[in-house]
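Asks: Here it is: the structure, laid out below.
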Amino acid sequence: MMLKENHRHVGSDGMVYMPYLHEWRQHSCDLVEMTIMLSSIFGADPPVYAKPPGAVAAVAAAVTHQPPRYNAVAAQVDQQRVIEQQRQQRVAQERREREEAEAAVAAVVAAKASEAADETRTTQQCRANLTRKLQIYLQNFYNEARADISADLRNQAKVEQGKNIATSQLEALKKAKEVLNQQTQHVEDQTVKVKEFIKEEGSREEPEVDDLAVPVDVPSKQMLELSAKNAAITDCLYFLDKALVRGNIPLDVHLKQVRKLGKTQFLTRAHLIKIANIQAGGQD
């Protein structure tokens, strides 16, 4: 087997070069993944090939009988140096491309992070606004519901009070109805009695006025006469005042008659009081 010259990943000394080995990390890289990558790379571009049949003998003869030439060794060294420079350039190019890719990825990630942060901040702000509006709405709803409940409780208390008043009034009306029924029955009974009395008395002759009040003794007769005299004097004084107002009698006549009647009425009332006291003392 012979190494392929100017291979992209294998040097002339058999050293393998690839980004995975160059970027080896102890905690993130492993041999299984490296083997898979080597298989993929070398499967696409094999680093060795089979030697021709006469190449082995020629190389053996050259190695055995002819010492290596300085110019050939120098050319080979220069060629290896050029290959190494090309390899380093490729590695540097791959590193730059990787760094650019990483920078682009980092920029995308940063943009996404910024967008996510903006979206999160917007979401939090919207959530805060919604929470505040919801709290205000719930507080207003709570205040309105509390006011409605308080009003309903007051109305319920008034209804209960009105119910109690109506119940007491209904009981009072029931009792009043019973009393009125009793009184109505009593009135009806008394009306029947009065009608019977009127019917009985209607057949009799009307008595004289003087026979309506008949005194049983002398003091009672005196009191009846004095009472009638007192009432007559009061009527006379009334008509004297009325005649004076109308101008039917002069003032001096009015005064003279008033003094006279007043003196007589005073004596009459004193006599009535005296007889009443005597009767009261006799009863005691």
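How things are named: the first chain in the structure tokens is A, the next is B, and so on; residues count from 1 in each chain; ligands count from 1 in the order shown.
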With only C-alpha atoms as the counted atoms, please give the residues lying no more than 7 Å from region 261-270 of chain A, apart from itself and same-chain residues fewer than 4 positions off, as an MDAnalysis selection string.

Replies: chainID A and resid 226 230 233 257 274

Asks: List the neighbours of region 35-38 of chain A out to 12 Å using only C-alpha atoms; skip same-chain residues closer than 2 positions along the sequence, and give me the result as a PyMOL selection string.

Replies: chain A and resi 9-10+16-21+29-33+40-47

Asks: Write the residues of the selection above to a file with N, CA, C and O atoms, as a PDB file, in the first residue's frame.

Replies:
```pdb
ATOM      1  N   HIS A   9      -6.304  15.168   3.919  1.00  0.00           N
ATOM      2  CA  HIS A   9      -6.360  14.905   5.355  1.00  0.00           C
ATOM      3  C   HIS A   9      -5.220  14.030   5.876  1.00  0.00           C
ATOM      4  O   HIS A   9      -5.183  13.756   7.078  1.00  0.00           O
ATOM      5  N   VAL A  10      -4.342  13.535   4.994  1.00  0.00           N
ATOM      6  CA  VAL A  10      -3.221  12.675   5.417  1.00  0.00           C
ATOM      7  C   VAL A  10      -1.936  13.238   4.826  1.00  0.00           C
ATOM      8  O   VAL A  10      -1.840  13.474   3.617  1.00  0.00           O
ATOM      9  N   VAL A  16      -2.607  12.054  10.267  1.00  0.00           N
ATOM     10  CA  VAL A  16      -3.981  12.365   9.854  1.00  0.00           C
ATOM     11  C   VAL A  16      -4.341  13.770  10.345  1.00  0.00           C
ATOM     12  O   VAL A  16      -4.126  14.103  11.523  1.00  0.00           O
ATOM     13  N   TYR A  17      -4.915  14.582   9.475  1.00  0.00           N
ATOM     14  CA  TYR A  17      -5.338  15.949   9.799  1.00  0.00           C
ATOM     15  C   TYR A  17      -6.824  16.089   9.433  1.00  0.00           C
ATOM     16  O   TYR A  17      -7.206  15.847   8.303  1.00  0.00           O
ATOM     17  N   MET A  18      -7.602  16.492  10.460  1.00  0.00           N
ATOM     18  CA  MET A  18      -9.016  16.791  10.184  1.00  0.00           C
ATOM     19  C   MET A  18      -9.543  17.698  11.311  1.00  0.00           C
ATOM     20  O   MET A  18      -8.995  17.704  12.439  1.00  0.00           O
ATOM     21  N   PRO A  19     -10.580  18.470  11.032  1.00  0.00           N
ATOM     22  CA  PRO A  19     -11.076  19.446  12.029  1.00  0.00           C
ATOM     23  C   PRO A  19     -11.500  18.807  13.340  1.00  0.00           C
ATOM     24  O   PRO A  19     -11.314  19.404  14.400  1.00  0.00           O
ATOM     25  N   TYR A  20     -12.006  17.581  13.279  1.00  0.00           N
ATOM     26  CA  TYR A  20     -12.489  16.962  14.515  1.00  0.00           C
ATOM     27  C   TYR A  20     -11.338  16.734  15.491  1.00  0.00           C
ATOM     28  O   TYR A  20     -11.478  16.982  16.696  1.00  0.00           O
ATOM     29  N   LEU A  21     -10.192  16.281  14.957  1.00  0.00           N
ATOM     30  CA  LEU A  21      -9.031  16.083  15.824  1.00  0.00           C
ATOM     31  C   LEU A  21      -8.453  17.406  16.274  1.00  0.00           C
ATOM     32  O   LEU A  21      -7.961  17.536  17.400  1.00  0.00           O
ATOM     33  N   CYS A  29     -15.988  15.171  22.946  1.00  0.00           N
ATOM     34  CA  CYS A  29     -15.571  14.325  21.825  1.00  0.00           C
ATOM     35  C   CYS A  29     -15.291  12.906  22.317  1.00  0.00           C
ATOM     36  O   CYS A  29     -14.905  12.700  23.477  1.00  0.00           O
ATOM     37  N   ASP A  30     -15.491  11.924  21.422  1.00  0.00           N
ATOM     38  CA  ASP A  30     -15.218  10.531  21.782  1.00  0.00           C
ATOM     39  C   ASP A  30     -14.685   9.799  20.551  1.00  0.00           C
ATOM     40  O   ASP A  30     -14.753  10.276  19.416  1.00  0.00           O
ATOM     41  N   LEU A  31     -14.150   8.578  20.772  1.00  0.00           N
ATOM     42  CA  LEU A  31     -13.515   7.804  19.698  1.00  0.00           C
ATOM     43  C   LEU A  31     -14.530   7.260  18.711  1.00  0.00           C
ATOM     44  O   LEU A  31     -14.242   7.105  17.519  1.00  0.00           O
ATOM     45  N   VAL A  32     -15.717   6.964  19.189  1.00  0.00           N
ATOM     46  CA  VAL A  32     -16.729   6.411  18.291  1.00  0.00           C
ATOM     47  C   VAL A  32     -17.083   7.433  17.212  1.00  0.00           C
ATOM     48  O   VAL A  32     -17.118   7.127  16.008  1.00  0.00           O
ATOM     49  N   GLU A  33     -17.323   8.667  17.630  1.00  0.00           N
ATOM     50  CA  GLU A  33     -17.658   9.711  16.657  1.00  0.00           C
ATOM     51  C   GLU A  33     -16.479   9.994  15.744  1.00  0.00           C
ATOM     52  O   GLU A  33     -16.640  10.222  14.540  1.00  0.00           O
ATOM     53  N   SER A  40     -16.132   8.189   7.130  1.00  0.00           N
ATOM     54  CA  SER A  40     -16.824   8.982   6.120  1.00  0.00           C
ATOM     55  C   SER A  40     -15.828   9.703   5.212  1.00  0.00           C
ATOM     56  O   SER A  40     -15.980   9.736   3.991  1.00  0.00           O
ATOM     57  N   ILE A  41     -14.792  10.302   5.843  1.00  0.00           N
ATOM     58  CA  ILE A  41     -13.810  11.078   5.053  1.00  0.00           C
ATOM     59  C   ILE A  41     -12.997  10.158   4.135  1.00  0.00           C
ATOM     60  O   ILE A  41     -12.843  10.400   2.931  1.00  0.00           O
ATOM     61  N   PHE A  42     -12.466   9.071   4.716  1.00  0.00           N
ATOM     62  CA  PHE A  42     -11.632   8.185   3.925  1.00  0.00           C
ATOM     63  C   PHE A  42     -12.447   7.371   2.933  1.00  0.00           C
ATOM     64  O   PHE A  42     -11.922   6.900   1.920  1.00  0.00           O
ATOM     65  N   GLY A  43     -13.770   7.171   3.211  1.00  0.00           N
ATOM     66  CA  GLY A  43     -14.609   6.491   2.230  1.00  0.00           C
ATOM     67  C   GLY A  43     -14.819   7.343   0.991  1.00  0.00           C
ATOM     68  O   GLY A  43     -14.910   6.830  -0.133  1.00  0.00           O
ATOM     69  N   ALA A  44     -14.900   8.682   1.189  1.00  0.00           N
ATOM     70  CA  ALA A  44     -15.069   9.584   0.044  1.00  0.00           C
ATOM     71  C   ALA A  44     -13.748   9.808  -0.703  1.00  0.00           C
ATOM     72  O   ALA A  44     -13.729   9.947  -1.933  1.00  0.00           O
ATOM     73  N   ASP A  45     -12.603   9.844   0.058  1.00  0.00           N
ATOM     74  CA  ASP A  45     -11.296  10.108  -0.561  1.00  0.00           C
ATOM     75  C   ASP A  45     -10.260   9.233   0.138  1.00  0.00           C
ATOM     76  O   ASP A  45      -9.651   9.645   1.130  1.00  0.00           O
ATOM     77  N   PRO A  46     -10.028   7.998  -0.336  1.00  0.00           N
ATOM     78  CA  PRO A  46      -9.078   7.097   0.329  1.00  0.00           C
ATOM     79  C   PRO A  46      -7.685   7.697   0.337  1.00  0.00           C
ATOM     80  O   PRO A  46      -7.230   8.265  -0.662  1.00  0.00           O
ATOM     81  N   PRO A  47      -6.912   7.577   1.442  1.00  0.00           N
ATOM     82  CA  PRO A  47      -5.559   8.159   1.503  1.00  0.00           C
ATOM     83  C   PRO A  47      -4.473   7.230   0.956  1.00  0.00           C
ATOM     84  O   PRO A  47      -3.320   7.655   0.811  1.00  0.00           O
TER      85      PRO A  47
END
```

Asks: Considering only C-alpha atoms, can you say which of A:Val258, A:Arg90, A:Arg127, A:Leu138 comes closest to Thr234 (chain A)?

Replies: A:Val258

Asks: Using only C-alpha atoms, find the one residue out of A:Ala176, A:Ile273, A:Lys193, A:Gln135 that sits nearest to Gln222 (chain A).

Replies: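 Once distances to Gln222 (chain A) are computed over only C-alpha atoms, the minimum belongs to A:Ile273.
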
Asks: Would you compute the distance between CA of Gly11 (chain A) and CA of Gln79 (chain A)? Give it in Å to one decimal.

Replies: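 For CA of Gly11 (chain A) relative to CA of Gln79 (chain A), the distance reads 10.9 Å.
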
Asks: Identify, on the basis of only C-alpha atoms, every residue whose closest approach to Glu225 (chain A) does not exceed 12 Å; exclude the query and any residue fewer than 5 positions from it along the same chain; express the result as an mmCIF file with N, CA and C atoms, in the first residue's frame.

Replies:
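Saved as selection04.cif:
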```cif
data_model
loop_
_atom_site.group_PDB
_atom_site.id
_atom_site.type_symbol
_atom_site.label_atom_id
_atom_site.label_comp_id
_atom_site.auth_asym_id
_atom_site.auth_seq_id
_atom_site.Cartn_x
_atom_site.Cartn_y
_atom_site.Cartn_z
ATOM 1 N N ASP A 210 -144.773 68.208 82.413
ATOM 2 C CA ASP A 210 -144.527 68.302 83.853
ATOM 3 C C ASP A 210 -144.508 66.941 84.521
ATOM 4 N N ALA A 213 -140.673 64.633 84.820
ATOM 5 C CA ALA A 213 -139.757 64.697 85.955
ATOM 6 C C ALA A 213 -140.573 65.008 87.208
ATOM 7 N N VAL A 214 -140.778 64.066 88.058
ATOM 8 C CA VAL A 214 -141.575 64.207 89.272
ATOM 9 C C VAL A 214 -140.660 64.014 90.464
ATOM 10 N N PRO A 215 -140.433 65.050 91.279
ATOM 11 C CA PRO A 215 -139.575 64.907 92.453
ATOM 12 C C PRO A 215 -140.239 64.022 93.504
ATOM 13 N N VAL A 218 -139.251 67.147 99.049
ATOM 14 C CA VAL A 218 -139.251 68.621 98.977
ATOM 15 C C VAL A 218 -137.927 69.158 98.483
ATOM 16 N N PRO A 219 -136.744 68.682 98.986
ATOM 17 C CA PRO A 219 -135.472 69.215 98.458
ATOM 18 C C PRO A 219 -135.308 68.970 96.956
ATOM 19 N N SER A 220 -135.728 67.787 96.492
ATOM 20 C CA SER A 220 -135.643 67.515 95.060
ATOM 21 C C SER A 220 -136.530 68.452 94.269
ATOM 22 N N ASN A 230 -132.657 78.936 87.109
ATOM 23 C CA ASN A 230 -131.294 79.281 86.689
ATOM 24 C C ASN A 230 -131.182 79.236 85.169
ATOM 25 N N ALA A 231 -131.752 78.186 84.556
ATOM 26 C CA ALA A 231 -131.698 78.076 83.087
ATOM 27 C C ALA A 231 -132.487 79.196 82.440
ATOM 28 N N ALA A 232 -133.667 79.583 83.059
ATOM 29 C CA ALA A 232 -134.464 80.669 82.489
ATOM 30 C C ALA A 232 -133.715 81.990 82.550
ATOM 31 N N THR A 268 -129.874 82.112 93.322
ATOM 32 C CA THR A 268 -130.452 80.811 92.933
ATOM 33 C C THR A 268 -129.392 79.722 92.947
ATOM 34 N N ARG A 269 -128.226 79.976 92.385
ATOM 35 C CA ARG A 269 -127.146 78.982 92.361
ATOM 36 C C ARG A 269 -126.638 78.678 93.770
ATOM 37 N N HIS A 271 -128.399 78.846 96.476
ATOM 38 C CA HIS A 271 -129.432 78.016 97.079
ATOM 39 C C HIS A 271 -129.326 76.566 96.602
ATOM 40 N N LEU A 272 -129.036 76.373 95.307
ATOM 41 C CA LEU A 272 -128.863 75.010 94.761
ATOM 42 C C LEU A 272 -127.684 74.307 95.419
#
```

Asks: When DSSP works through the backbone of this structure, what residues of region 10-256 of chain A end up as alpha helix (DSSP H), shown as a VMD selection string?

Replies: chain A and resid 19 to 22 31 to 44 53 to 65 70 to 202 218 to 246 251 to 256

Asks: What is the CA of Val108 (chain A) to CA of Arg121 (chain A) distance in Å?

Replies: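 That distance, rounded to one decimal, is 19.2 Å.
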
Asks: Calculate how many Å separate CA of Met223 (chain A) from CA of Ile278 (chain A), rounding to one decimal.

Replies: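 Computed distance, CA of Met223 (chain A) to CA of Ile278 (chain A), equals 11.6 Å.
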